[in-house]
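Engineer: I am sharing data-v6.cif, which consists of mmCIF, C-alpha atoms and all ligand atoms:
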```
data_upload
#
loop_
_atom_site.label_atom_id
_atom_site.label_comp_id
_atom_site.auth_asym_id
_atom_site.auth_seq_id
_atom_site.Cartn_x
_atom_site.Cartn_y
_atom_site.Cartn_z
CA MET A 1 28.91 9.10 12.37
CA LYS A 2 30.35 8.57 8.89
CA THR A 3 32.75 11.51 9.09
CA LYS A 4 33.93 10.46 12.55
CA VAL A 5 34.70 6.96 11.33
CA GLN A 6 36.27 8.27 8.12
CA ASP A 7 38.50 10.80 9.89
CA LYS A 8 39.73 8.34 12.49
CA PHE A 9 40.36 5.72 9.83
CA THR A 10 42.46 8.13 7.77
CA THR A 11 44.45 9.17 10.83
CA LEU A 12 45.18 5.60 11.93
CA PHE A 13 45.33 3.67 8.69
CA GLY A 14 45.51 6.13 5.78
CA GLU A 15 43.78 5.61 2.45
CA GLY A 16 41.48 2.86 1.19
CA GLY A 17 38.94 0.72 2.98
CA GLN A 18 35.23 0.17 2.53
CA PHE A 19 32.21 1.06 4.62
CA PHE A 20 29.95 -1.66 6.02
CA ALA A 21 26.88 -1.30 8.20
CA SER A 22 24.31 -3.28 10.05
CA ALA A 23 21.37 -2.59 12.30
CA GLY A 24 19.78 -3.09 15.67
CA ARG A 25 16.30 -4.60 15.71
CA ILE A 26 12.82 -4.46 17.16
CA ASN A 27 10.39 -7.34 17.48
CA LEU A 28 6.85 -6.19 16.71
CA ILE A 29 5.14 -9.22 18.20
CA GLY A 30 5.99 -12.84 19.08
CA GLU A 31 7.51 -12.79 22.56
CA HIS A 32 8.66 -15.89 24.48
CA THR A 33 7.66 -17.89 21.41
CA ASP A 34 11.19 -18.72 20.21
CA TYR A 35 11.96 -21.50 22.68
CA ASN A 36 8.43 -22.83 22.15
CA GLY A 37 9.04 -23.37 18.45
CA GLY A 38 6.74 -20.49 17.47
CA TYR A 39 7.08 -17.34 15.42
CA VAL A 40 8.94 -14.11 16.06
CA PHE A 41 8.40 -11.03 13.93
CA PRO A 42 11.43 -8.74 13.98
CA GLY A 43 12.77 -6.03 11.70
CA ALA A 44 16.04 -4.13 11.42
CA ILE A 45 15.97 -0.47 12.47
CA ASP A 46 17.59 2.77 11.41
CA CYS A 47 20.30 2.68 14.02
CA GLY A 48 23.24 0.35 13.94
CA ILE A 49 26.96 0.03 13.51
CA LEU A 50 29.06 1.66 10.81
CA ALA A 51 32.54 0.31 10.15
CA LYS A 52 35.32 1.17 7.73
CA ILE A 53 37.49 -1.86 7.04
CA LYS A 54 40.60 -2.58 4.98
CA VAL A 55 42.48 -5.86 4.57
CA ASN A 56 46.02 -5.12 5.78
CA GLY A 57 48.09 -8.02 4.46
CA THR A 58 49.24 -9.14 7.94
CA LYS A 59 47.92 -11.76 10.39
CA LYS A 60 46.74 -9.10 12.84
CA VAL A 61 43.54 -7.19 13.37
CA HIS A 62 43.88 -3.50 14.22
CA LEU A 63 40.62 -2.27 15.64
CA PHE A 64 39.45 1.11 16.92
CA SER A 65 36.12 1.72 18.66
CA ILE A 66 35.00 5.35 18.40
CA ASP A 67 32.43 4.95 21.17
CA PHE A 68 34.84 3.37 23.65
CA ASP A 69 37.69 5.57 22.32
CA GLU A 70 39.99 2.59 22.47
CA TYR A 71 42.44 0.82 20.14
CA VAL A 72 42.98 -2.95 20.26
CA GLU A 73 45.22 -5.35 18.34
CA PHE A 74 44.78 -9.09 18.24
CA GLY A 75 45.85 -12.18 16.30
CA LEU A 76 43.43 -14.66 14.83
CA ALA A 77 44.22 -17.80 16.82
CA GLU A 78 41.89 -19.04 19.59
CA GLU A 79 44.34 -17.96 22.31
CA ASP A 80 44.47 -14.37 21.00
CA LYS A 81 41.15 -13.31 22.53
CA PRO A 82 41.35 -9.64 23.54
CA SER A 83 40.50 -8.66 27.09
CA GLN A 84 38.21 -5.76 26.11
CA SER A 85 34.66 -7.09 25.97
CA TRP A 86 33.65 -4.88 23.03
CA ALA A 87 36.56 -6.28 20.98
CA SER A 88 35.70 -9.88 21.82
CA TYR A 89 32.55 -9.51 19.67
CA VAL A 90 34.72 -8.82 16.63
CA PHE A 91 37.27 -11.46 17.62
CA GLY A 92 34.45 -14.01 18.05
CA VAL A 93 33.13 -13.25 14.58
CA CYS A 94 36.61 -13.83 13.12
CA ARG A 95 36.96 -17.12 14.96
CA GLU A 96 33.49 -18.38 14.10
CA THR A 97 34.10 -17.56 10.43
CA ILE A 98 37.37 -19.48 10.50
CA LYS A 99 35.69 -22.43 12.25
CA ARG A 100 33.28 -22.62 9.31
CA GLY A 101 36.13 -22.90 6.85
CA GLY A 102 36.10 -19.22 5.91
CA LYS A 103 39.26 -17.27 5.27
CA VAL A 104 40.03 -14.38 7.62
CA GLU A 105 43.33 -12.51 7.61
CA GLY A 106 44.47 -9.28 9.16
CA PHE A 107 42.46 -6.10 8.71
CA ASP A 108 42.32 -2.52 9.92
CA ALA A 109 38.96 -1.23 11.11
CA VAL A 110 37.32 1.74 12.78
CA PHE A 111 33.69 1.57 13.86
CA ALA A 112 30.99 3.51 15.67
CA GLY A 113 27.37 2.85 16.56
CA ASP A 114 24.13 4.55 17.54
CA VAL A 115 22.16 1.64 19.00
CA PRO A 116 21.78 2.31 22.73
CA LEU A 117 23.74 -0.39 24.55
CA GLY A 118 21.75 -2.87 26.59
CA ALA A 119 18.39 -1.24 25.86
CA GLY A 120 16.93 -4.31 24.19
CA LEU A 121 17.63 -3.17 20.63
CA SER A 122 20.51 -5.60 20.21
CA SER A 123 23.53 -3.42 19.68
CA SER A 124 25.63 -6.58 20.02
CA ALA A 125 23.92 -8.25 17.05
CA ALA A 126 24.46 -5.08 15.01
CA LEU A 127 28.16 -5.28 15.80
CA GLU A 128 28.47 -9.00 15.02
CA SER A 129 26.45 -8.75 11.83
CA THR A 130 28.47 -5.84 10.50
CA PHE A 131 31.71 -7.77 10.84
CA ALA A 132 30.28 -11.17 9.82
CA PHE A 133 28.94 -9.60 6.65
CA ALA A 134 32.08 -7.57 5.97
CA LEU A 135 34.55 -10.44 6.43
CA ASN A 136 32.46 -12.66 4.18
CA TYR A 137 32.50 -9.91 1.57
CA LEU A 138 36.16 -8.93 1.85
CA PHE A 139 37.53 -12.49 1.87
CA ASN A 140 35.04 -13.81 -0.65
CA ASN A 141 33.96 -16.70 1.55
CA GLY A 142 30.53 -17.24 0.01
CA ILE A 143 28.94 -18.05 3.38
CA ASP A 144 25.14 -17.82 3.13
CA LYS A 145 23.14 -15.30 5.11
CA PHE A 146 21.71 -17.77 7.57
CA GLU A 147 25.19 -18.97 8.44
CA LEU A 148 26.29 -15.33 8.88
CA ALA A 149 23.53 -14.92 11.46
CA LYS A 150 24.71 -18.10 13.19
CA ILE A 151 28.26 -16.74 13.26
CA GLY A 152 26.90 -13.84 15.33
CA GLN A 153 24.88 -16.15 17.57
CA SER A 154 27.86 -18.48 18.16
CA THR A 155 30.00 -15.45 18.93
CA GLU A 156 27.62 -14.56 21.77
CA HIS A 157 27.61 -18.18 23.00
CA ASN A 158 31.33 -18.90 22.77
CA TYR A 159 33.06 -15.54 23.25
CA CYS A 160 30.63 -13.28 25.13
CA GLY A 161 28.87 -15.65 27.53
CA VAL A 162 25.36 -14.93 26.26
CA LYS A 163 23.21 -17.95 25.38
CA CYS A 164 20.93 -16.13 22.96
CA GLY A 165 18.56 -17.42 20.28
CA ILE A 166 18.92 -16.60 16.60
CA MET A 167 16.36 -13.78 16.27
CA ASP A 168 18.60 -10.74 16.82
CA GLN A 169 21.33 -11.74 14.41
CA PHE A 170 18.76 -13.03 11.92
CA ALA A 171 16.98 -9.65 11.88
CA SER A 172 20.20 -7.74 11.70
CA ILE A 173 21.46 -9.76 8.70
CA PHE A 174 18.16 -10.22 6.82
CA GLY A 175 16.52 -6.88 7.64
CA LYS A 176 14.98 -4.92 4.78
CA GLN A 177 13.61 -1.40 4.67
CA GLY A 178 9.80 -1.38 4.93
CA SER A 179 9.60 -5.08 5.85
CA LEU A 180 9.28 -7.17 8.96
CA ILE A 181 10.33 -10.80 8.83
CA ARG A 182 8.30 -13.62 10.28
CA LEU A 183 10.67 -16.32 11.41
CA ASN A 184 9.47 -19.79 12.32
CA CYS A 185 11.80 -20.71 15.17
CA LYS A 186 11.20 -24.44 14.69
CA THR A 187 11.82 -24.78 10.95
CA LEU A 188 13.75 -21.52 10.46
CA GLU A 189 11.51 -20.74 7.48
CA TYR A 190 10.95 -17.03 7.08
CA LYS A 191 8.80 -14.64 5.12
CA TYR A 192 8.87 -10.86 4.61
CA PHE A 193 5.74 -8.80 5.27
CA PRO A 194 5.26 -5.16 4.33
CA PHE A 195 5.52 -2.70 7.19
CA ASN A 196 4.93 0.86 6.01
CA PRO A 197 2.80 2.44 8.68
CA LYS A 198 2.05 5.73 6.94
CA GLY A 199 0.60 8.18 9.43
CA TYR A 200 2.02 6.24 12.38
CA ARG A 201 5.33 6.19 14.19
CA LEU A 202 7.11 3.46 16.08
CA VAL A 203 8.49 4.69 19.38
CA LEU A 204 10.14 2.81 22.18
CA ILE A 205 9.89 4.03 25.74
CA ASP A 206 12.75 2.66 27.80
CA SER A 207 11.87 2.28 31.47
CA CYS A 208 15.62 2.03 32.22
CA VAL A 209 14.90 -0.60 34.86
CA LYS A 210 15.99 -4.22 34.97
CA HIS A 211 14.49 -6.24 37.80
CA GLU A 212 16.70 -8.97 39.09
CA LEU A 213 14.53 -12.09 39.02
CA ALA A 214 14.82 -12.18 35.22
CA SER A 215 16.95 -15.29 34.73
CA SER A 216 15.39 -17.57 37.36
CA ALA A 217 11.91 -16.51 36.25
CA TYR A 218 12.87 -17.26 32.66
CA ASN A 219 13.92 -20.80 33.53
CA LYS A 220 10.68 -21.32 35.45
CA ARG A 221 8.64 -20.14 32.44
CA ARG A 222 10.49 -22.56 30.18
CA ALA A 223 9.86 -25.43 32.56
CA SER A 224 6.13 -24.59 32.72
CA CYS A 225 5.92 -24.57 28.93
CA GLU A 226 7.69 -27.93 28.69
CA ASN A 227 5.43 -29.40 31.32
CA ALA A 228 2.26 -28.24 29.57
CA CYS A 229 3.65 -29.46 26.27
CA ALA A 230 4.43 -32.91 27.66
CA ALA A 231 0.88 -33.24 29.01
CA ILE A 232 -0.62 -32.30 25.64
CA ARG A 233 1.76 -34.65 23.83
CA LYS A 234 0.27 -37.63 25.66
CA ASN A 235 -3.00 -37.02 23.77
CA HIS A 236 -1.44 -35.62 20.60
CA PRO A 237 1.94 -37.20 19.88
CA GLU A 238 2.57 -34.85 16.96
CA VAL A 239 3.07 -31.95 19.40
CA GLU A 240 6.80 -31.41 19.51
CA PHE A 241 6.71 -27.83 20.80
CA LEU A 242 3.99 -25.94 22.58
CA SER A 243 3.48 -23.87 19.44
CA ASP A 244 2.20 -27.01 17.68
CA ALA A 245 -0.71 -27.32 20.11
CA LYS A 246 -4.25 -26.13 19.51
CA ARG A 247 -5.93 -24.16 22.26
CA LEU A 248 -8.51 -26.91 22.64
CA TRP A 249 -5.76 -29.44 23.35
CA LEU A 250 -4.53 -27.32 26.20
CA ASP A 251 -8.02 -27.22 27.68
CA GLU A 252 -8.09 -31.04 27.62
CA VAL A 253 -5.20 -31.21 30.09
CA ARG A 254 -6.18 -28.29 32.30
CA ASP A 255 -6.78 -30.40 35.38
CA GLN A 256 -3.62 -32.46 34.86
CA ILE A 257 -1.16 -29.57 35.16
CA PRO A 258 -0.65 -26.78 37.71
CA GLU A 259 -2.81 -23.73 36.99
CA GLU A 260 0.36 -21.68 36.60
CA ASP A 261 1.60 -23.91 33.78
CA PHE A 262 -1.80 -23.68 32.14
CA LEU A 263 -1.68 -19.86 32.14
CA ARG A 264 1.85 -19.80 30.71
CA ALA A 265 0.83 -22.16 27.92
CA GLU A 266 -2.35 -20.19 27.28
CA TYR A 267 -0.24 -17.12 26.65
CA VAL A 268 2.18 -18.93 24.29
CA ILE A 269 -0.52 -20.56 22.18
CA GLY A 270 -2.35 -17.23 21.94
CA GLU A 271 0.84 -15.40 21.00
CA VAL A 272 1.64 -17.76 18.13
CA GLN A 273 -1.82 -17.06 16.71
CA ARG A 274 -1.43 -13.30 17.22
CA VAL A 275 1.71 -13.23 15.09
CA LEU A 276 -0.25 -14.86 12.27
CA ASP A 277 -3.12 -12.41 12.76
CA VAL A 278 -0.74 -9.45 12.64
CA CYS A 279 0.80 -10.73 9.39
CA ASP A 280 -2.68 -11.01 7.84
CA ALA A 281 -3.52 -7.51 9.03
CA LEU A 282 -0.32 -6.07 7.54
CA GLU A 283 -1.20 -7.50 4.15
CA ARG A 284 -4.39 -5.43 4.39
CA ASP A 285 -2.55 -2.35 5.71
CA ASP A 286 -4.72 -2.71 8.80
CA TYR A 287 -2.61 -1.10 11.51
CA GLU A 288 -5.51 -0.83 13.95
CA THR A 289 -5.68 -4.63 14.21
CA VAL A 290 -1.90 -4.78 14.52
CA GLY A 291 -2.12 -2.37 17.46
CA GLU A 292 -4.92 -4.28 19.15
CA MET A 293 -2.84 -7.47 18.97
CA MET A 294 0.06 -5.63 20.60
CA TYR A 295 -2.19 -4.72 23.53
CA GLN A 296 -3.36 -8.32 23.78
CA THR A 297 0.25 -9.46 23.90
CA HIS A 298 0.95 -7.00 26.68
CA PHE A 299 -2.03 -8.29 28.62
CA GLY A 300 -0.81 -11.86 28.15
CA LEU A 301 2.74 -11.08 29.17
CA SER A 302 1.52 -9.19 32.20
CA ARG A 303 -1.31 -11.41 33.49
CA LEU A 304 -0.74 -14.91 32.07
CA TYR A 305 3.01 -15.13 31.56
CA GLU A 306 3.69 -12.69 34.41
CA VAL A 307 6.89 -11.17 33.08
CA SER A 308 5.86 -7.51 33.17
CA CYS A 309 6.51 -5.11 36.03
CA GLU A 310 4.98 -2.01 37.54
CA GLU A 311 6.93 0.38 35.31
CA LEU A 312 5.98 -1.38 32.08
CA ASP A 313 2.33 -1.80 33.03
CA PHE A 314 2.27 1.90 33.84
CA LEU A 315 3.60 2.80 30.38
CA ASN A 316 1.16 0.44 28.71
CA LYS A 317 -1.80 1.88 30.59
CA LEU A 318 -0.69 5.39 29.74
CA ALA A 319 -0.53 4.43 26.06
CA ARG A 320 -4.13 3.18 26.18
CA LYS A 321 -5.21 6.39 27.86
CA HIS A 322 -3.59 8.46 25.10
CA GLU A 323 -5.22 6.37 22.38
CA VAL A 324 -1.94 4.97 21.18
CA THR A 325 -2.78 2.36 18.51
CA GLY A 326 -0.62 -0.43 19.93
CA SER A 327 1.67 -0.86 22.92
CA ARG A 328 3.40 -3.74 24.64
CA VAL A 329 6.48 -4.69 26.57
CA MET A 330 9.22 -5.74 24.15
CA GLY A 331 11.83 -8.36 25.02
CA GLY A 332 12.02 -10.86 27.84
CA GLY A 333 10.31 -8.62 30.41
CA PHE A 334 10.95 -7.45 34.00
CA GLY A 335 12.15 -4.15 32.57
CA GLY A 336 13.39 -2.67 29.33
CA CYS A 337 11.18 -0.97 26.76
CA THR A 338 7.62 -0.79 25.60
CA ILE A 339 7.17 -0.63 21.85
CA ASN A 340 4.40 1.71 20.71
CA LEU A 341 2.64 2.26 17.41
CA VAL A 342 1.35 5.83 17.57
CA LYS A 343 -0.58 8.03 15.16
CA ASP A 344 1.50 11.05 14.06
CA GLU A 345 -0.97 13.54 15.52
CA LEU A 346 -0.98 11.85 18.94
CA TYR A 347 2.78 11.37 19.14
CA ASP A 348 3.85 14.60 20.90
CA GLU A 349 1.16 14.46 23.52
CA PHE A 350 1.81 10.79 24.30
CA VAL A 351 5.58 11.05 24.53
CA THR A 352 5.45 14.18 26.66
CA ALA A 353 2.96 12.58 29.03
CA ALA A 354 4.94 9.33 29.19
CA VAL A 355 8.16 11.11 30.09
CA GLU A 356 6.61 13.49 32.63
CA GLN A 357 4.29 11.06 34.36
CA PHE A 358 6.81 8.22 34.45
CA GLU A 359 9.39 10.48 36.03
CA ALA A 360 6.88 11.83 38.55
CA LYS A 361 5.97 8.31 39.61
CA PHE A 362 9.30 6.46 39.45
CA GLY A 363 11.81 9.23 40.08
CA HIS A 364 13.74 8.95 36.83
CA ALA A 365 12.92 9.84 33.24
CA PRO A 366 12.47 7.07 30.69
CA LYS A 367 14.39 7.24 27.41
CA VAL A 368 12.65 7.64 24.09
CA TYR A 369 13.83 6.01 20.86
CA ASN A 370 12.14 6.63 17.53
CA VAL A 371 12.76 3.85 15.06
CA VAL A 372 12.05 3.20 11.39
CA ILE A 373 12.26 -0.26 9.83
CA SER A 374 15.39 -0.25 7.68
CA ASP A 375 18.03 -2.34 5.96
CA GLY A 376 20.23 -4.85 7.78
CA ALA A 377 23.82 -5.83 6.99
CA ARG A 378 25.22 -4.24 3.84
CA VAL A 379 28.21 -2.76 2.09
CA LEU A 380 27.97 0.97 1.39
CA GLU A 381 28.97 2.11 -2.05
P1 LIG B 401 22.27 -5.17 23.62
O1 LIG B 401 20.94 -5.53 24.20
O2 LIG B 401 22.33 -3.74 23.20
O3 LIG B 401 22.71 -6.13 22.56
P2 LIG B 401 24.47 -6.38 25.00
O4 LIG B 401 24.90 -6.32 26.40
O5 LIG B 401 24.10 -7.69 24.41
O6 LIG B 401 23.30 -5.32 24.83
O7 LIG B 401 25.63 -5.83 24.05
C1 LIG B 401 26.25 -4.60 24.34
C2 LIG B 401 27.74 -4.75 24.14
O8 LIG B 401 28.03 -4.82 22.72
C3 LIG B 401 28.51 -3.54 24.62
O9 LIG B 401 28.80 -3.64 25.99
C4 LIG B 401 29.76 -3.61 23.76
O10 LIG B 401 30.67 -4.57 24.26
C5 LIG B 401 29.21 -4.11 22.42
N1 LIG B 401 28.83 -2.95 21.59
C6 LIG B 401 27.60 -2.60 21.15
N2 LIG B 401 27.61 -1.45 20.45
C7 LIG B 401 28.89 -1.04 20.43
C8 LIG B 401 29.57 0.11 19.90
N3 LIG B 401 28.92 1.08 19.27
N4 LIG B 401 30.91 0.18 20.07
C9 LIG B 401 31.59 -0.79 20.74
N5 LIG B 401 31.00 -1.87 21.28
C10 LIG B 401 29.68 -2.00 21.15
MG MG B 402 22.87 -8.22 22.87
#
```
With the file now loaded, output its structure as structure tokens.
Ligand code: ADP
Ligand code: MG
Structural biologist:
Amino acid sequence: MKTKVQDKFTTLFGEGGQFFASAGRINLIGEHTDYNGGYVFPGAIDCGILAKIKVNGTKKVHLFSIDFDEYVEFGLAEEDKPSQSWASYVFGVCRETIKRGGKVEGFDAVFAGDVPLGAGLSSSAALESTFAFALNYLFNNGIDKFELAKIGQSTEHNYCGVKCGIMDQFASIFGKQGSLIRLNCKTLEYKYFPFNPKGYRLVLIDSCVKHELASSAYNKRRASCENACAAIRKNHPEVEFLSDAKRLWLDEVRDQIPEEDFLRAEYVIGEVQRVLDVCDALERDDYETVGEMMYQTHFGLSRLYEVSCEELDFLNKLARKHEVTGSRVMGGGFGGCTINLVKDELYDEFVTAAVEQFEAKFGHAPKVYNVVISDGARVLE
């Protein structure tokens, strides 16, 4: 990737420039907790975006995407938004930096990536974070890391039409090799935990399906959580988000809310606790407990929160059968990947079986991504 970027840069822009990179992300555990004020537990991975960038002394950005094999030029005013959607991520980052009082002037850039697009590994956050970090560095803006993550998030909201939370950009900016980061979505406090699963691998199996009901189902889940939360709040006014509630407090209101809302809330309250349990386990290097929690999350997402699907339940069941340590659906659900923590010696057998049996049942092969927890946004020396 580096030579491709380097060669194209030299051809288009000549000498000079600096390399910047950022990463995609996984979330080990903590799903559907963000909008309930709970924890997520992401980490940056060893695939991302690599860009070579040089300030060009003009008011224009000259941008080449290796993967789209396309060159785009744009100015830095609000009305200069490029029509290519891939370029609007970079344009958005420029604009959001400027809105925060940062300086951004013209630059030349070539970039490439190896995060699969739309697979749930947040290639878009990798792209935003690379440029947010690089512009801050090149123009000496002194914007703090949290604000850099928010620049990426606002880019999605205001220039790409995606109303995302902060997790992806946060992980991509703050990611550190050998560490996962527990983020409290209510207070935005965060803490690093060691993740060095020696003797295990992290592998994602991508079902390559996306069932349609996703967005309406998502809104319904949110409404259920709010409803359960409101009922609990009547007894316990300190409960701002569902994640503040104790399990016992949910039981108190069981007959006051629809059973469906109860099950959704049961999942969320359990999931918040599981993130904490996983963090404790990691401090003991106890990957068996981590794995068991991942299975419990899958069960919860499938049976209580009801956001799994046939393909993902199939992959999860297959993981159990092959004695995979931990496995669960990752992301919002209704398709996408399972994330699996697998012992080295069981890896080949599991992955082969997953690919063959999934294809035999569903008529197309899943994709397999091996990931290692790595550094987030950075300048390369
Ligand atoms: P993801 O779940 O991977 O973030 P999104 O749909 O949010 O999926 O973002 C994917 C979009 O991000 C792509 O369609 C493209 O516009 C942009 N993008 C990501 N990676 C690259 C890349 N390597 N080169 C150019 N654009 C990219
Ligand atoms: Mg994205």
Engineer: What separation in Å, quoted to one decimal, exists between CA of Ile181 in chain A and CA of Arg378 in chain A?
Structural biologist: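 Computing it gives 17.0 Å between the two atoms.
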Engineer: Residues around (34.3, -6.3, 20.8), cut-off 10 Å, counting all atoms listed in the file - what are they as a short mmCIF file (atom, residue, chain, number, x, y, z; two decimals) with C-alpha atoms, in the coordinates of the input?
Structural biologist:
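Printed below is point_25.cif as written:
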```cif
data_model
loop_
_atom_site.label_atom_id
_atom_site.label_comp_id
_atom_site.auth_asym_id
_atom_site.auth_seq_id
_atom_site.Cartn_x
_atom_site.Cartn_y
_atom_site.Cartn_z
CA LEU A 63 40.62 -2.27 15.64
CA PHE A 64 39.45 1.11 16.92
CA SER A 65 36.12 1.72 18.66
CA VAL A 72 42.98 -2.95 20.26
CA LYS A 81 41.15 -13.31 22.53
CA PRO A 82 41.35 -9.64 23.54
CA SER A 83 40.50 -8.66 27.09
CA GLN A 84 38.21 -5.76 26.11
CA SER A 85 34.66 -7.09 25.97
CA TRP A 86 33.65 -4.88 23.03
CA ALA A 87 36.56 -6.28 20.98
CA SER A 88 35.70 -9.88 21.82
CA TYR A 89 32.55 -9.51 19.67
CA VAL A 90 34.72 -8.82 16.63
CA PHE A 91 37.27 -11.46 17.62
CA GLY A 92 34.45 -14.01 18.05
CA VAL A 93 33.13 -13.25 14.58
CA SER A 124 25.63 -6.58 20.02
CA LEU A 127 28.16 -5.28 15.80
CA GLU A 128 28.47 -9.00 15.02
CA TYR A 159 33.06 -15.54 23.25
CA CYS A 160 30.63 -13.28 25.13
#
```
Engineer: Quick one: residues within 9 Å of Asn196 in chain A, all atoms listed in the file, excluding same-chain residues fewer than 5 positions away - as a list of chain:residue names?
Structural biologist: A:Gly178, A:Ser179, A:Leu282, A:Asp285, A:Ile373
Engineer: Quick one: of A:Gly106, A:Gly152, A:Gly175, A:Gly30, who's nearest to ligand MG 402 (chain B), counting all atoms listed in the file?
Structural biologist: A:Gly152
Engineer: Enumerate residues in contact with ligand MG 402 (chain B): an atom-to-atom distance of at most 12 Å, counting only C-alpha atoms and all ligand atoms. Format the result as a PyMOL selection string.
Structural biologist: chain A and resi 24-25+86+89+115-129+152-153+155-157+160-169+172+331
Engineer: Distance table requested - range 10-114 of chain A against range 259-269 of chain A, cut-off 10 Å, all atoms listed in the file: one row per qualifying residue with the closest atom pair and its distance in Å to one decimal, ordered by chain and rising residue number, as JSON lines.
Structural biologist:
```
{"residue": "A:Gly30", "atom": "CA", "partner": "A:Val268", "partner_atom": "CA", "distance": 8.9}
{"residue": "A:Glu31", "atom": "CA", "partner": "A:Val268", "partner_atom": "CA", "distance": 8.3}
{"residue": "A:His32", "atom": "CA", "partner": "A:Val268", "partner_atom": "CA", "distance": 7.2}
{"residue": "A:Thr33", "atom": "CA", "partner": "A:Val268", "partner_atom": "CA", "distance": 6.3}
{"residue": "A:Asp34", "atom": "CA", "partner": "A:Val268", "partner_atom": "CA", "distance": 9.9}
{"residue": "A:Asn36", "atom": "CA", "partner": "A:Val268", "partner_atom": "CA", "distance": 7.7}
{"residue": "A:Gly38", "atom": "CA", "partner": "A:Val268", "partner_atom": "CA", "distance": 8.4}
```
Engineer: Go through A:Thr10, A:Thr58, A:Thr130, A:Gln296 and flag the residue nearest ligand LIG 401 (chain B), using only C-alpha atoms and all ligand atoms for the distances.
Structural biologist: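 Closest to ligand LIG 401 (chain B) of all the choices is A:Thr130.
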Engineer: Which polymer residues, whether protein, DNA or RNA, lie within 6 Å of the coordinate (40.7, -11.1, 3.1) when you count only C-alpha atoms? List them as a ChimeraX atom specification, using the chain letters and numbers from the file.
Structural biologist: /A:55,104-105,138-139
Engineer: When you count only C-alpha atoms, which of these residues is closest to Ser216 in chain A: A:Glu288, A:Thr325, A:Phe146, A:Val307?
Structural biologist: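 Of A:Glu288, A:Thr325, A:Phe146, A:Val307, the one nearest Ser216 in chain A, counting only C-alpha atoms, is A:Val307.
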Engineer: How many Å separate CA of Leu202 in chain A from CA of Glu381 in chain A?
Structural biologist: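 Between CA of Leu202 in chain A and CA of Glu381 in chain A the gap is 28.4 Å.
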Engineer: Considering only C-alpha atoms, state which residue in the set A:Phe174, A:Phe314, A:Tyr35, A:Tyr287 is at the smallest distance from Pro366 in chain A.
Structural biologist: A:Phe314
Engineer: Could you work out how far CA of Ala171 in chain A lies from CA of Gly376 in chain A, giving the answer in Å with one decimal?
Structural biologist: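 Distance between the two atoms: 7.1 Å.
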